[in-house]
file coords.tsv (TSV, C-alpha atoms)
chain	number	residue	atom	x	y	z
A	1	MET	CA	111.11	99.23	134.62
A	2	THR	CA	110.95	102.99	134.17
A	3	ALA	CA	110.38	105.06	137.31
A	4	TYR	CA	109.33	108.65	137.72
A	5	ALA	CA	109.86	111.60	140.01
A	6	ILE	CA	106.65	113.61	139.87
A	7	ALA	CA	106.19	117.01	141.45
A	8	ARG	CA	103.14	119.20	141.81
A	9	LEU	CA	104.54	122.59	142.70
A	10	GLN	CA	102.47	125.51	143.91
A	11	ASP	CA	102.63	128.83	142.12
A	12	ALA	CA	105.26	131.10	143.62
A	13	PRO	CA	106.80	134.47	142.85
A	14	LEU	CA	109.93	134.37	140.72
A	15	HIS	CA	113.20	134.31	142.64
A	16	GLU	CA	116.86	134.17	141.63
A	17	GLU	CA	117.36	130.96	143.65
A	18	ILE	CA	114.63	129.22	141.63
A	19	ALA	CA	116.37	130.20	138.38
A	20	GLU	CA	119.65	128.82	139.77
A	21	TYR	CA	117.90	125.58	140.79
A	22	ILE	CA	116.46	125.14	137.29
A	23	GLU	CA	119.90	125.72	135.75
A	24	ARG	CA	121.59	123.21	138.04
A	25	ILE	CA	119.07	120.38	138.35
A	26	PRO	CA	119.75	118.59	135.01
A	27	ALA	CA	123.35	117.88	136.04
A	28	THR	CA	122.08	116.18	139.21
A	29	PHE	CA	119.91	113.60	137.48
A	30	GLU	CA	122.04	112.92	134.40
A	31	PRO	CA	124.37	110.48	136.29
A	32	TYR	CA	121.25	108.46	137.18
A	33	GLY	CA	119.89	108.32	133.64
A	34	GLY	CA	117.19	110.88	134.39
A	35	ARG	CA	115.63	113.34	132.01
A	36	PHE	CA	112.79	115.83	132.05
A	37	LEU	CA	109.57	114.43	130.60
A	38	VAL	CA	107.40	117.36	131.73
A	39	HIS	CA	108.76	120.64	133.03
A	40	VAL	CA	106.32	123.36	134.01
A	41	THR	CA	104.35	123.05	130.79
A	42	PRO	CA	100.70	124.14	130.67
A	43	HIS	CA	98.21	121.48	131.69
A	44	GLU	CA	94.50	121.01	131.15
A	45	VAL	CA	92.43	120.00	134.19
A	46	LYS	CA	89.69	117.50	133.31
A	47	GLU	CA	88.49	116.59	136.83
A	48	GLY	CA	88.99	118.16	140.22
A	49	SER	CA	91.40	121.02	140.70
A	50	TRP	CA	95.09	121.09	139.99
A	51	SER	CA	96.79	124.42	140.52
A	52	GLY	CA	100.48	125.04	140.16
A	53	ALA	CA	103.05	123.42	137.91
A	54	ILE	CA	103.84	119.81	137.03
A	55	VAL	CA	107.33	118.38	136.72
A	56	MET	CA	108.07	114.78	135.74
A	57	ILE	CA	111.53	113.25	135.46
A	58	GLY	CA	111.98	109.75	134.05
A	59	PHE	CA	114.64	107.33	135.33
A	60	PRO	CA	115.63	103.83	134.21
A	61	GLY	CA	114.33	102.42	137.52
A	62	LEU	CA	113.31	103.24	141.08
A	63	ASP	CA	116.84	102.63	142.38
A	64	GLU	CA	118.16	105.35	140.08
A	65	ALA	CA	115.34	107.72	141.08
A	66	ARG	CA	116.10	107.15	144.77
A	67	GLY	CA	119.83	107.52	144.12
A	68	TRP	CA	119.21	110.89	142.45
A	69	TRP	CA	116.93	112.16	145.24
A	70	ASP	CA	119.38	111.11	147.97
A	71	SER	CA	122.50	112.25	146.10
A	72	PRO	CA	124.67	114.96	147.63
A	73	ALA	CA	124.44	116.90	144.35
A	74	TYR	CA	120.63	117.08	144.48
A	75	GLN	CA	120.41	117.62	148.23
A	76	GLU	CA	122.80	120.57	147.84
A	77	ILE	CA	120.45	122.41	145.47
A	78	ALA	CA	117.06	121.26	146.82
A	79	PRO	CA	116.82	124.18	149.30
A	80	LEU	CA	117.02	126.63	146.38
A	81	ARG	CA	113.55	125.36	145.42
A	82	SER	CA	112.06	124.38	148.77
A	83	ARG	CA	112.72	127.79	150.34
A	84	HIS	CA	110.44	129.39	147.74
A	85	ILE	CA	108.04	126.78	146.34
A	86	GLU	CA	105.78	124.43	148.27
A	87	GLY	CA	104.75	121.22	146.64
A	88	ASP	CA	104.26	117.49	146.69
A	89	ILE	CA	106.91	115.19	145.24
A	90	ILE	CA	106.75	111.43	144.77
A	91	LEU	CA	108.92	108.69	143.31
A	92	VAL	CA	106.92	105.94	141.61
A	93	ASP	CA	107.54	102.87	139.49
A	94	GLY	CA	105.95	102.75	136.08
A	95	VAL	CA	104.26	99.64	134.77
A	96	ALA	CA	106.05	96.92	132.82
A	97	ASP	CA	105.82	96.95	129.04
A	98	ASP	CA	103.61	93.85	129.23
A	99	TYR	CA	101.27	95.26	131.90
A	100	ASN	CA	97.74	93.96	131.40
A	101	PRO	CA	94.99	96.00	133.10
A	102	ALA	CA	92.51	93.18	132.40
A	103	ALA	CA	94.54	90.93	134.73
A	104	THR	CA	94.38	93.61	137.42
A	105	ALA	CA	90.58	93.83	137.01
A	106	GLU	CA	90.34	90.02	137.18
A	107	ALA	CA	92.34	89.98	140.44
A	108	MET	CA	90.05	92.68	141.87
A	109	ARG	CA	86.97	90.65	141.00
A	110	ALA	CA	88.51	87.56	142.58
A	111	ALA	CA	89.21	89.52	145.77
A	112	LEU	CA	85.64	90.85	145.81
A	113	SER	CA	84.15	87.36	145.52
A	114	ALA	CA	86.40	85.86	148.22
call {"tool": "encode", "arguments": {"input": "coords.tsv", "output": "structure tokens"}}
result
Amino acid sequence: MTAYAIARLQDAPLHEEIAEYIERIPATFEPYGGRFLVHVTPHEVKEGSWSGAIVMIGFPGLDEARGWWDSPAYQEIAPLRSRHIEGDIILVDGVADDYNPAATAEAMRAALSA
């Protein structure tokens, strides 16, 4: 099942270390089957507030996403970003191809009536 690394990064002034991080990050996730799905592209807020930039990297599974995050290659370059940009980053499983939201709603109703 596909997994994702999702980051919401706050706006920050440009810095040489951030440019270096952006240059080097693809090589860190390629061994884990990762690829950019969203990378600091404009977004349209429909509810609430969402400042900053969005980054999403897809991986074949959560094990690969964790392996990338914990890898020496990524941990070596992470400070290039974290010294200059604050943000929130999560790793999350996607849903299976056969995911049925109606079954989820049915389970919720069953829990409510119990």
call {"tool": "atom_distance", "arguments": {"input": "coords.tsv", "atom1": "CA of Pro26 (chain A)", "atom2": "CA of Leu14 (chain A)"}}
result
19.4 Å
call {"tool": "residues_around", "arguments": {"input": "coords.tsv", "residues": "Arg35 (chain A)", "least_positions_apart": "5", "cutoff": "7 Å", "atoms": "all atoms listed in the file", "output": "list in words"}}
result
Phe29, Glu30, Ile57, Gly58 and Phe59 of chain A
call {"tool": "residues_around", "arguments": {"input": "coords.tsv", "residues": "Pro60 (chain A)", "least_positions_apart": "5", "cutoff": "9 Å", "atoms": "all atoms listed in the file", "output": "list of chain:residue names"}}
result
A:Met1, A:Thr2, A:Ala3, A:Tyr4, A:Tyr32, A:Gly33, A:Gly34, A:Ala65
call {"tool": "write_last_selection", "arguments": {"input": "coords.tsv", "atoms": "C-alpha atoms", "output": "PDB file, keeping the file's coordinate frame"}}
result
ATOM      1  CA  MET A   1     111.110  99.230 134.620  1.00  0.00           C
ATOM      2  CA  THR A   2     110.950 102.990 134.170  1.00  0.00           C
ATOM      3  CA  ALA A   3     110.380 105.060 137.310  1.00  0.00           C
ATOM      4  CA  TYR A   4     109.330 108.650 137.720  1.00  0.00           C
ATOM      5  CA  TYR A  32     121.250 108.460 137.180  1.00  0.00           C
ATOM      6  CA  GLY A  33     119.890 108.320 133.640  1.00  0.00           C
ATOM      7  CA  GLY A  34     117.190 110.880 134.390  1.00  0.00           C
ATOM      8  CA  ALA A  65     115.340 107.720 141.080  1.00  0.00           C
TER       9      ALA A  65
END
call {"tool": "atom_distance", "arguments": {"input": "coords.tsv", "atom1": "CA of Ile85 (chain A)", "atom2": "CA of Gln10 (chain A)"}}
result
6.2 Å
call {"tool": "atom_distance", "arguments": {"input": "coords.tsv", "atom1": "CA of Pro72 (chain A)", "atom2": "CA of Val92 (chain A)"}}
result
20.8 Å
call {"tool": "closest_residue", "arguments": {"input": "coords.tsv", "among": "A:Thr104, A:Glu16, A:Gly52, A:Ala27", "to": "Glu86 (chain A)", "atoms": "only C-alpha atoms"}}
result
A:Gly52
call {"tool": "closest_residue", "arguments": {"input": "coords.tsv", "among": "A:Glu23, A:Ile90, A:Thr28, A:Arg109", "to": "Ser71 (chain A)", "atoms": "all atoms listed in the file"}}
result
A:Thr28
call {"tool": "closest_residue", "arguments": {"input": "coords.tsv", "among": "A:Asp70, A:Asp88, A:Glu64, A:Glu47", "to": "Leu9 (chain A)", "atoms": "only C-alpha atoms"}}
result
A:Asp88
call {"tool": "build_atoms", "arguments": {"input": "coords.tsv", "residues": "region 27-45 of chain A", "atoms": "N, CA and C atoms", "output": "compact mmCIF listing (two decimals), in the frame of the given file"}}
result
# COMPACT_ATOMS: atom_id res chain seq x y z
N ALA A 27 122.07 118.53 135.74
CA ALA A 27 123.35 117.88 136.04
C ALA A 27 123.22 116.89 137.18
N THR A 28 122.23 117.10 138.07
CA THR A 28 122.08 116.18 139.21
C THR A 28 121.43 114.87 138.82
N PHE A 29 120.54 114.87 137.83
CA PHE A 29 119.91 113.60 137.48
C PHE A 29 120.54 112.90 136.30
N GLU A 30 121.38 113.56 135.54
CA GLU A 30 122.04 112.92 134.40
C GLU A 30 122.86 111.68 134.80
N PRO A 31 123.62 111.70 135.93
CA PRO A 31 124.37 110.48 136.29
C PRO A 31 123.47 109.28 136.61
N TYR A 32 122.19 109.52 136.84
CA TYR A 32 121.25 108.46 137.18
C TYR A 32 120.35 108.10 136.00
N GLY A 33 120.67 108.62 134.83
CA GLY A 33 119.89 108.32 133.64
C GLY A 33 118.57 109.05 133.58
N GLY A 34 118.44 110.14 134.35
CA GLY A 34 117.19 110.88 134.39
C GLY A 34 117.10 111.92 133.30
N ARG A 35 115.86 112.26 132.96
CA ARG A 35 115.63 113.34 132.01
C ARG A 35 114.24 113.91 132.23
N PHE A 36 114.10 115.20 131.95
CA PHE A 36 112.79 115.83 132.05
C PHE A 36 111.84 115.21 131.03
N LEU A 37 110.65 114.86 131.48
CA LEU A 37 109.57 114.43 130.60
C LEU A 37 108.52 115.53 130.52
N VAL A 38 108.31 116.21 131.64
CA VAL A 38 107.40 117.36 131.73
C VAL A 38 108.11 118.37 132.62
N HIS A 39 108.13 119.62 132.19
CA HIS A 39 108.76 120.64 133.03
C HIS A 39 107.99 121.95 132.92
N VAL A 40 107.08 122.13 133.86
CA VAL A 40 106.32 123.36 134.01
C VAL A 40 105.62 123.76 132.69
N THR A 41 105.09 122.77 132.01
CA THR A 41 104.35 123.05 130.79
C THR A 41 102.87 123.22 131.15
N PRO A 42 102.13 123.96 130.36
CA PRO A 42 100.70 124.14 130.67
C PRO A 42 99.98 122.80 130.71
N HIS A 43 99.00 122.70 131.60
CA HIS A 43 98.21 121.48 131.69
C HIS A 43 96.72 121.81 131.66
N GLU A 44 95.94 120.85 131.28
CA GLU A 44 94.50 121.01 131.15
C GLU A 44 93.82 120.13 132.20
N VAL A 45 93.10 120.73 133.12
CA VAL A 45 92.43 120.00 134.19
C VAL A 45 91.10 119.45 133.66
